[in-house]
file data_14.csv (CSV, C-alpha atoms)
chain,number,residue,atom,x,y,z
A,1,MET,CA,-5.4,0.4,-10.1
A,2,ARG,CA,-3.8,3.6,-8.9
A,3,GLU,CA,-6.5,4.1,-6.4
A,4,LEU,CA,-5.9,0.7,-5.0
A,5,GLU,CA,-2.2,1.4,-4.7
A,6,GLU,CA,-2.9,4.6,-2.8
A,7,ARG,CA,-5.2,2.7,-0.4
A,8,VAL,CA,-2.8,-0.1,0.1
A,9,ALA,CA,0.1,2.3,0.7
A,10,ALA,CA,-2.0,4.2,3.3
A,11,LEU,CA,-2.9,1.0,5.1
A,12,ALA,CA,0.8,-0.2,5.1
A,13,GLY,CA,2.1,3.2,6.1
A,14,THR,CA,4.4,3.4,3.1
A,15,ALA,CA,5.2,6.0,0.5
A,16,HIS,CA,4.7,3.5,-2.4
A,17,ALA,CA,2.6,0.5,-3.4
A,18,VAL,CA,3.0,-1.3,-6.7
A,19,ALA,CA,0.1,-3.5,-7.6
A,20,THR,CA,0.8,-6.8,-9.4
A,21,CYS,CA,-1.1,-9.7,-10.9
A,22,ASN,CA,-0.1,-11.9,-7.9
A,23,ALA,CA,2.2,-12.0,-4.9
A,24,THR,CA,4.6,-14.5,-6.4
A,25,VAL,CA,5.6,-12.2,-9.1
A,26,ALA,CA,5.7,-9.3,-6.6
A,27,LEU,CA,8.4,-11.2,-4.7
A,28,GLN,CA,10.3,-11.6,-7.9
A,29,LEU,CA,10.0,-7.9,-8.7
A,30,ALA,CA,11.1,-7.1,-5.1
A,31,ALA,CA,14.3,-9.2,-5.5
A,32,ARG,CA,15.1,-7.7,-8.9
A,33,ALA,CA,14.2,-4.1,-7.9
A,34,THR,CA,16.4,-4.2,-4.8
A,35,GLY,CA,19.4,-5.4,-6.8
A,36,VAL,CA,19.7,-9.0,-5.7
A,37,PRO,CA,22.4,-10.4,-8.1
A,38,ALA,CA,21.6,-13.1,-10.5
A,39,GLY,CA,22.5,-16.5,-9.2
A,40,ALA,CA,22.8,-15.3,-5.6
A,41,GLU,CA,21.7,-17.1,-2.5
A,42,VAL,CA,18.7,-15.8,-0.5
A,43,ILE,CA,18.2,-16.9,3.1
A,44,VAL,CA,14.5,-17.9,3.6
A,45,PRO,CA,12.6,-19.8,6.3
A,46,SER,CA,11.6,-23.3,5.5
A,47,PHE,CA,8.4,-23.0,7.4
A,48,THR,CA,6.4,-21.1,4.7
A,49,TRP,CA,4.3,-21.8,1.7
A,50,VAL,CA,6.3,-23.3,-1.1
A,51,ALA,CA,5.5,-20.2,-3.3
A,52,THR,CA,8.1,-18.2,-1.3
A,53,PRO,CA,11.2,-20.2,-2.3
A,54,HIS,CA,9.6,-21.1,-5.7
A,55,ALA,CA,9.5,-17.4,-6.5
A,56,LEU,CA,13.2,-17.1,-6.0
A,57,ASP,CA,14.2,-20.4,-7.6
A,58,TRP,CA,12.1,-19.6,-10.7
A,59,ILE,CA,14.3,-16.5,-11.4
A,60,GLY,CA,17.6,-18.2,-10.8
A,61,LEU,CA,18.2,-17.4,-7.2
A,62,THR,CA,19.0,-20.1,-4.6
A,63,PRO,CA,16.9,-20.4,-1.5
A,64,VAL,CA,19.0,-21.2,1.5
A,65,PHE,CA,16.6,-22.6,4.1
A,66,CYS,CA,16.8,-21.3,7.6
A,67,ASP,CA,15.2,-22.6,10.9
A,68,VAL,CA,12.6,-20.6,12.7
A,69,ASP,CA,11.8,-19.3,16.1
A,70,GLU,CA,8.8,-21.5,17.3
A,71,GLU,CA,7.1,-18.7,19.2
A,72,THR,CA,6.7,-16.4,16.2
A,73,ALA,CA,7.1,-19.1,13.5
A,74,GLY,CA,9.4,-16.6,11.8
A,75,ILE,CA,13.0,-16.8,10.6
A,76,ASP,CA,15.5,-17.3,13.4
A,77,PRO,CA,18.0,-14.4,13.2
A,78,ALA,CA,20.8,-16.4,15.0
A,79,HIS,CA,20.6,-19.3,12.5
A,80,ALA,CA,20.3,-16.8,9.6
A,81,GLU,CA,23.5,-15.2,10.7
A,82,LYS,CA,25.3,-18.6,10.4
A,83,LEU,CA,24.0,-18.9,6.9
A,84,VAL,CA,25.4,-15.6,5.6
A,85,GLY,CA,28.3,-16.2,3.2
A,86,PRO,CA,30.0,-14.8,0.1
A,87,ALA,CA,27.1,-15.8,-2.2
A,88,THR,CA,24.4,-14.4,0.0
A,89,GLY,CA,22.4,-11.7,-1.9
A,90,ALA,CA,19.5,-11.0,0.4
A,91,ILE,CA,17.5,-12.1,3.4
A,92,LEU,CA,13.7,-12.8,3.0
A,93,GLY,CA,11.6,-13.0,6.2
A,94,VAL,CA,8.0,-14.3,6.3
A,95,HIS,CA,5.3,-13.0,8.7
A,96,ALA,CA,3.8,-16.5,9.2
A,97,PHE,CA,0.1,-16.4,10.0
A,98,GLY,CA,0.2,-12.6,10.2
A,99,ARG,CA,2.6,-12.4,13.2
A,100,PRO,CA,5.6,-10.3,12.3
A,101,CYS,CA,8.9,-12.2,12.3
A,102,PRO,CA,11.9,-10.8,14.3
A,103,ILE,CA,12.0,-7.6,12.2
A,104,ASP,CA,14.5,-5.6,14.4
A,105,GLU,CA,17.0,-8.4,14.6
A,106,LEU,CA,16.8,-9.1,10.9
A,107,THR,CA,17.2,-5.4,10.1
A,108,GLU,CA,20.4,-5.2,12.2
A,109,LEU,CA,21.7,-8.4,10.5
A,110,ALA,CA,21.0,-7.2,7.0
A,111,ASP,CA,22.4,-3.7,7.7
A,112,ARG,CA,25.6,-5.2,9.1
A,113,HIS,CA,26.2,-7.3,6.1
A,114,GLY,CA,25.0,-4.8,3.5
A,115,LEU,CA,22.1,-7.0,2.3
A,116,PRO,CA,18.7,-6.2,1.0
A,117,LEU,CA,16.0,-7.3,3.5
A,118,LEU,CA,12.7,-8.4,2.0
A,119,PHE,CA,9.5,-9.6,3.7
A,120,ASP,CA,6.8,-11.9,2.5
A,121,ALA,CA,3.9,-10.3,4.2
A,122,ALA,CA,1.2,-12.2,2.4
A,123,HIS,CA,-0.5,-13.0,5.7
A,124,ALA,CA,0.1,-9.7,7.5
A,125,LEU,CA,-1.9,-6.9,5.9
A,126,GLY,CA,-3.3,-4.8,8.7
A,127,SER,CA,-1.0,-6.1,11.4
A,128,THR,CA,1.5,-4.0,13.3
A,129,HIS,CA,5.0,-4.2,14.7
A,130,ARG,CA,5.9,-1.8,17.5
A,131,GLY,CA,2.8,0.1,16.6
A,132,ARG,CA,3.8,0.6,13.0
A,133,PRO,CA,1.9,-1.1,10.2
A,134,VAL,CA,3.5,-4.1,8.6
A,135,GLY,CA,4.7,-3.0,5.1
A,136,GLY,CA,7.3,-0.3,5.8
A,137,PHE,CA,10.1,-2.5,7.0
A,138,GLY,CA,13.2,-3.7,5.1
A,139,SER,CA,13.8,-2.8,1.5
A,140,ALA,CA,10.4,-3.9,0.4
A,141,GLU,CA,7.5,-6.1,1.6
A,142,VAL,CA,4.9,-8.0,-0.4
A,143,PHE,CA,1.2,-8.6,0.2
A,144,SER,CA,-1.1,-11.1,-1.3
A,145,PHE,CA,-4.7,-10.5,-2.5
A,146,HIS,CA,-5.4,-14.0,-3.5
A,147,ALA,CA,-9.0,-15.2,-3.0
A,148,THR,CA,-8.0,-17.1,0.1
A,149,LYS,CA,-6.8,-13.9,1.9
A,150,PHE,CA,-9.2,-11.8,3.9
A,151,ILE,CA,-8.6,-8.9,1.6
A,152,ASN,CA,-8.7,-10.1,-1.9
A,153,SER,CA,-8.8,-8.9,-5.5
A,154,PHE,CA,-9.8,-12.3,-6.9
A,155,GLU,CA,-6.1,-12.7,-7.6
A,156,GLY,CA,-3.3,-10.1,-7.1
A,157,GLY,CA,-0.6,-8.8,-4.9
A,158,ALA,CA,1.4,-5.7,-4.2
A,159,LEU,CA,5.0,-4.6,-3.4
A,160,VAL,CA,5.2,-1.8,-0.8
A,161,THR,CA,8.3,0.3,0.0
A,162,ASP,CA,9.5,3.7,1.2
A,163,ASP,CA,12.3,3.6,-1.3
A,164,PRO,CA,11.4,5.6,-4.4
A,165,ARG,CA,14.1,3.9,-6.5
A,166,VAL,CA,12.8,0.4,-5.7
A,167,ALA,CA,9.2,1.5,-6.5
A,168,GLU,CA,10.3,3.1,-9.8
A,169,ARG,CA,12.2,0.0,-10.9
A,170,ALA,CA,9.3,-2.3,-9.8
A,171,ARG,CA,6.7,-0.3,-11.7
A,172,ALA,CA,8.8,-0.5,-14.9
A,173,MET,CA,9.6,-4.2,-14.5
A,174,ARG,CA,5.9,-5.1,-14.1
A,175,ASN,CA,5.2,-3.4,-17.5
A,176,PHE,CA,7.9,-4.9,-19.8
A,177,GLY,CA,10.6,-2.6,-18.4
A,178,ILE,CA,8.8,0.6,-19.6
A,179,GLY,CA,9.3,3.7,-17.4
A,180,GLU,CA,7.1,6.6,-16.7
A,181,ASP,CA,8.2,8.4,-19.9
A,182,ARG,CA,7.2,5.4,-22.0
A,183,GLU,CA,10.8,4.5,-22.7
A,184,VAL,CA,12.2,1.1,-22.1
A,185,ILE,CA,14.6,1.4,-19.2
A,186,SER,CA,15.1,-2.3,-18.2
A,187,SER,CA,14.1,-5.8,-18.9
A,188,GLY,CA,10.7,-6.7,-17.5
A,189,THR,CA,7.6,-8.8,-17.6
A,190,ASN,CA,3.8,-8.5,-17.7
A,191,ALA,CA,2.9,-8.4,-14.1
A,192,LYS,CA,0.2,-5.7,-14.1
A,193,MET,CA,-2.9,-6.1,-12.0
A,194,SER,CA,-6.1,-5.9,-14.1
A,195,GLU,CA,-8.6,-3.1,-13.4
A,196,ALA,CA,-11.3,-5.6,-12.6
A,197,SER,CA,-9.1,-7.1,-9.9
A,198,ALA,CA,-8.2,-3.6,-8.6
A,199,ALA,CA,-11.9,-2.8,-8.3
A,200,MET,CA,-12.6,-6.0,-6.3
A,201,GLY,CA,-9.6,-5.1,-4.1
A,202,LEU,CA,-11.1,-1.7,-3.4
A,203,VAL,CA,-14.4,-3.2,-2.4
A,204,SER,CA,-12.7,-5.7,-0.2
A,205,LEU,CA,-10.6,-2.9,1.5
A,206,GLU,CA,-13.8,-1.1,2.5
A,207,ARG,CA,-14.4,-3.9,5.0
A,208,VAL,CA,-11.0,-4.4,6.4
A,209,ASP,CA,-11.9,-3.2,10.0
A,210,ALA,CA,-15.1,-5.3,10.1
A,211,LEU,CA,-13.2,-8.3,8.9
A,212,ILE,CA,-10.5,-7.9,11.5
A,213,GLU,CA,-13.1,-7.5,14.2
A,214,GLN,CA,-14.9,-10.7,13.1
A,215,ASN,CA,-11.6,-12.6,12.9
A,216,THR,CA,-10.6,-11.4,16.4
A,217,ARG,CA,-14.0,-12.5,17.8
A,218,ASN,CA,-13.5,-15.9,16.2
A,219,HIS,CA,-10.1,-16.2,17.7
A,220,ARG,CA,-11.5,-15.6,21.2
A,221,LEU,CA,-14.3,-18.1,20.6
A,222,TYR,CA,-11.9,-20.8,19.6
A,223,GLU,CA,-9.7,-20.1,22.7
A,224,GLU,CA,-12.8,-20.5,24.9
A,225,GLY,CA,-14.0,-23.6,23.1
A,226,LEU,CA,-10.7,-25.4,23.2
A,227,ALA,CA,-9.7,-24.3,26.7
A,228,GLY,CA,-8.7,-27.1,29.0
A,229,LEU,CA,-8.0,-29.6,26.3
A,230,PRO,CA,-4.7,-31.3,27.0
A,231,GLY,CA,-2.0,-30.6,24.4
A,232,ILE,CA,-4.2,-28.2,22.4
A,233,SER,CA,-3.3,-24.5,22.2
A,234,VAL,CA,-4.4,-21.6,19.9
A,235,ARG,CA,-1.4,-19.8,18.5
A,236,GLY,CA,-1.4,-16.2,19.6
A,237,GLN,CA,-0.3,-13.0,17.9
A,238,ALA,CA,2.3,-10.4,19.1
A,239,PRO,CA,1.4,-9.0,22.5
A,240,GLY,CA,0.2,-5.4,22.3
A,241,GLU,CA,0.0,-5.3,18.5
A,242,ARG,CA,-2.9,-5.1,16.1
A,243,ALA,CA,-3.4,-8.5,14.4
A,244,ASN,CA,-5.6,-9.3,11.5
A,245,HIS,CA,-6.2,-12.8,12.8
A,246,GLN,CA,-6.6,-13.9,9.1
A,247,TYR,CA,-5.6,-17.4,10.1
A,248,LEU,CA,-6.8,-19.4,13.1
A,249,VAL,CA,-4.0,-21.8,14.0
A,250,ILE,CA,-3.8,-24.4,16.7
A,251,GLU,CA,-1.0,-26.6,17.8
A,252,ILE,CA,-1.4,-30.2,18.8
A,253,ASP,CA,1.2,-31.6,21.2
A,254,GLN,CA,0.9,-35.3,20.5
A,255,ALA,CA,2.6,-36.3,23.8
A,256,ALA,CA,0.0,-34.4,25.8
A,257,ALA,CA,-3.0,-34.8,23.6
A,258,GLY,CA,-2.6,-38.5,22.8
A,259,VAL,CA,-3.3,-37.9,19.1
A,260,HIS,CA,-1.3,-36.5,16.2
A,261,ALA,CA,-2.3,-33.4,14.2
A,262,ASP,CA,-2.8,-35.7,11.1
A,263,GLN,CA,-5.4,-37.7,13.1
A,264,VAL,CA,-7.3,-34.7,14.1
A,265,HIS,CA,-7.1,-33.3,10.6
A,266,ALA,CA,-8.6,-36.6,9.3
A,267,VAL,CA,-11.5,-36.5,11.8
A,268,LEU,CA,-12.3,-32.9,10.9
A,269,GLU,CA,-12.3,-33.8,7.2
A,270,ARG,CA,-14.7,-36.7,7.8
A,271,HIS,CA,-17.1,-34.2,9.3
A,272,ASN,CA,-16.8,-31.7,6.4
A,273,VAL,CA,-14.6,-29.3,8.3
A,274,LEU,CA,-11.9,-27.8,6.0
A,275,ALA,CA,-8.7,-27.6,8.0
A,276,ARG,CA,-5.1,-27.3,6.6
A,277,ARG,CA,-1.7,-28.6,7.6
A,278,TYR,CA,0.4,-25.5,7.4
A,279,PHE,CA,3.2,-25.9,6.3
A,280,HIS,CA,3.7,-29.6,6.2
A,281,PRO,CA,6.1,-30.9,5.0
A,282,CYS,CA,8.5,-28.0,5.3
A,283,CYS,CA,10.0,-26.5,2.1
A,284,HIS,CA,13.4,-28.1,2.6
A,285,GLN,CA,11.7,-31.5,2.7
A,286,LEU,CA,10.0,-31.1,-0.6
A,287,ALA,CA,11.3,-32.7,-3.8
A,288,PRO,CA,12.3,-29.6,-5.7
A,289,TYR,CA,14.9,-28.9,-3.0
A,290,SER,CA,15.5,-32.1,-1.1
A,291,ASP,CA,16.4,-33.7,-4.5
A,292,ARG,CA,19.2,-31.2,-5.1
A,293,PRO,CA,21.6,-31.7,-2.3
A,294,GLU,CA,24.4,-30.2,-4.4
A,295,THR,CA,22.5,-26.9,-4.3
A,296,HIS,CA,20.4,-27.1,-1.2
A,297,ALA,CA,22.4,-28.7,1.7
A,298,PRO,CA,20.1,-31.2,3.4
A,299,LEU,CA,20.5,-29.7,6.8
A,300,PRO,CA,17.9,-30.7,9.5
A,301,LEU,CA,15.8,-27.8,10.7
A,302,PRO,CA,14.5,-29.2,13.9
A,303,ARG,CA,12.3,-26.3,15.0
A,304,SER,CA,10.7,-25.9,11.6
A,305,GLU,CA,10.0,-29.6,11.4
A,306,ALA,CA,8.7,-29.8,15.0
A,307,LEU,CA,6.3,-26.9,14.4
A,308,ALA,CA,5.1,-28.3,11.1
A,309,GLU,CA,4.2,-31.5,12.9
A,310,ARG,CA,2.0,-29.7,15.4
A,311,VAL,CA,0.2,-27.0,13.4
A,312,LEU,CA,-3.4,-27.2,12.1
A,313,ALA,CA,-5.3,-24.2,10.6
A,314,LEU,CA,-9.1,-24.1,11.3
A,315,PRO,CA,-11.9,-22.3,9.5
A,316,THR,CA,-12.4,-18.6,10.3
A,317,GLY,CA,-13.7,-15.5,8.5
A,318,GLU,CA,-17.1,-13.9,8.0
A,319,VAL,CA,-19.0,-17.0,7.2
A,320,ILE,CA,-17.9,-18.7,10.4
A,321,GLY,CA,-19.7,-17.8,13.6
A,322,GLU,CA,-20.3,-19.0,17.1
A,323,GLU,CA,-22.4,-22.0,16.1
A,324,GLU,CA,-19.8,-23.3,13.6
A,325,ILE,CA,-16.9,-22.7,16.0
A,326,ASP,CA,-18.7,-24.5,18.7
A,327,GLY,CA,-19.2,-27.5,16.4
A,328,VAL,CA,-15.5,-27.6,15.4
A,329,CYS,CA,-14.4,-27.5,19.0
A,330,ARG,CA,-16.8,-30.3,19.9
A,331,ILE,CA,-15.3,-32.4,17.1
A,332,ILE,CA,-11.8,-31.8,18.3
A,333,ARG,CA,-12.8,-32.5,21.9
A,334,TRP,CA,-14.4,-35.8,20.9
A,335,ALA,CA,-11.3,-36.7,18.8
A,336,LEU,CA,-9.1,-36.3,21.9
A,337,GLU,CA,-11.5,-38.2,24.1
A,338,THR,CA,-11.8,-41.2,21.8
A,339,GLY,CA,-8.3,-41.2,20.3
A,340,CYS,CA,-9.8,-40.3,16.9
A,341,ALA,CA,-11.9,-43.5,16.7
A,342,ASP,CA,-14.4,-43.9,13.9
A,343,GLY,CA,-17.8,-42.5,14.7
A,344,ALA,CA,-19.4,-39.2,15.3
A,345,PRO,CA,-19.2,-36.7,18.2
A,346,SER,CA,-22.3,-35.9,20.3
A,347,THR,CA,-24.2,-32.8,19.4
A,348,THR,CA,-25.2,-32.3,23.0
A,349,ASP,CA,-23.3,-31.6,26.2
call {"tool": "encode", "arguments": {"input": "data_14.csv", "output": "structure tokens"}}
result
Amino acid sequence: MRELEERVAALAGTAHAVATCNATVALQLAARATGVPAGAEVIVPSFTWVATPHALDWIGLTPVFCDVDEETAGIDPAHAEKLVGPATGAILGVHAFGRPCPIDELTELADRHGLPLLFDAAHALGSTHRGRPVGGFGSAEVFSFHATKFINSFEGGALVTDDPRVAERARAMRNFGIGEDREVISSGTNAKMSEASAAMGLVSLERVDALIEQNTRNHRLYEEGLAGLPGISVRGQAPGERANHQYLVIEIDQAAAGVHADQVHAVLERHNVLARRYFHPCCHQLAPYSDRPETHAPLPLPRSEALAERVLALPTGEVIGEEEIDGVCRIIRWALETGCADGAPSTTD
């Protein structure tokens, strides 16, 4: 496990990495290790996987949902500033689809209000911001090594930070609060990564450059295959930065395309293409939060909701090549041409 931590810290450009059994518990450790007070509010984007607010809610923190900037799909700093109040204990940004959220603006905001700044970087291992690897920003960032991620340890996660105090607290907390001298120094839990998972993670890390190269090639092939389709665009990454292209995400503008993302999704599923509606509905629209208006003000988040209506994630990765991508693009083209009618697309030009 220590070897994996060293490799992850090197890739993230950080002084410390703390491996955990999953990324959800790593987020919880990050909140506790950075001193977020019990019962505090944490500003978090609603356009994210529900695990992000769940990790906070499960340990007694209150997610306060923020709208996003549609270009980056990350938290909108201007809206976040309006949500800062006496009960705010931290800000948690999410690097959606591996594209860094507005890190500089959030850093300024958090510093001005004296708040810990955390990042859910589950999608962003290997990506950069201003030429620096994602991982070394804010008080701490969290990676996921779930089997669905391009670097995986079967199941696992890691907290990365340059703050030795945060790292020391997190290491103790993941092991029942036991410090390096084997004395109990805090409360804690059992969040350790298994050695078997760490070994899988090391094997996976050996191929990080090859995986990014394949994902980048797939991204280009999708752009070429979908070029010219009205209302269809492939979401890009930050200009001039390294991107892992772990996710291949398109947007479907219903007004221009003549079909809704749900319709295209259904057509793809009928042809055994696994696509996902990320992140639909948004977190603030889900029952655990929408059902508690006394805790989670039911504010509309128009940009998050609009983005969730348009987004569709398509297959990518090592097992997807030019032939498969061409087939997916043909299905989408046919769906637009027919208005998603029943039937099958042509396999020829």
call {"tool": "closest_residue", "arguments": {"input": "data_14.csv", "among": "A:His265, A:His79, A:Arg7, A:Arg235", "to": "A:Leu205", "atoms": "all atoms listed in the file"}}
result
A:Arg7
call {"tool": "closest_residue", "arguments": {"input": "data_14.csv", "among": "A:Leu268, A:Leu299, A:Val8, A:Cys340", "to": "A:Gly327", "atoms": "only C-alpha atoms"}}
result
A:Leu268
call {"tool": "residues_around", "arguments": {"input": "data_14.csv", "residues": "stretch 148-153 of chain A", "least_positions_apart": "4", "cutoff": "8 Å", "atoms": "all atoms listed in the file", "output": "JSON, numbers by chain"}}
result
{"A": [123, 144, 197, 198, 199, 200, 201, 202, 204, 205, 208, 211, 246, 317]}
call {"tool": "write_last_selection", "arguments": {"input": "data_14.csv", "atoms": "C-alpha atoms", "output": "tab-separated table (two decimals), in the frame of the given file"}}
result
chain	number	residue	atom	x	y	z
A	123	HIS	CA	-0.50	-13.00	5.70
A	144	SER	CA	-1.10	-11.10	-1.30
A	197	SER	CA	-9.10	-7.10	-9.90
A	198	ALA	CA	-8.20	-3.60	-8.60
A	199	ALA	CA	-11.90	-2.80	-8.30
A	200	MET	CA	-12.60	-6.00	-6.30
A	201	GLY	CA	-9.60	-5.10	-4.10
A	202	LEU	CA	-11.10	-1.70	-3.40
A	204	SER	CA	-12.70	-5.70	-0.20
A	205	LEU	CA	-10.60	-2.90	1.50
A	208	VAL	CA	-11.00	-4.40	6.40
A	211	LEU	CA	-13.20	-8.30	8.90
A	246	GLN	CA	-6.60	-13.90	9.10
A	317	GLY	CA	-13.70	-15.50	8.50
call {"tool": "atom_distance", "arguments": {"input": "data_14.csv", "atom1": "atom CA of A:Lys192", "atom2": "atom CA of A:Arg165"}}
result
18.5 Å
call {"tool": "closest_residue", "arguments": {"input": "data_14.csv", "among": "A:Val42, A:Ala140, A:Ala110, A:Ala33", "to": "A:Thr14", "atoms": "all atoms listed in the file"}}
result
A:Ala140
call {"tool": "closest_residue", "arguments": {"input": "data_14.csv", "among": "A:Asp76, A:Asp57, A:Glu195, A:Asp262", "to": "A:Ile103", "atoms": "all atoms listed in the file"}}
result
A:Asp76
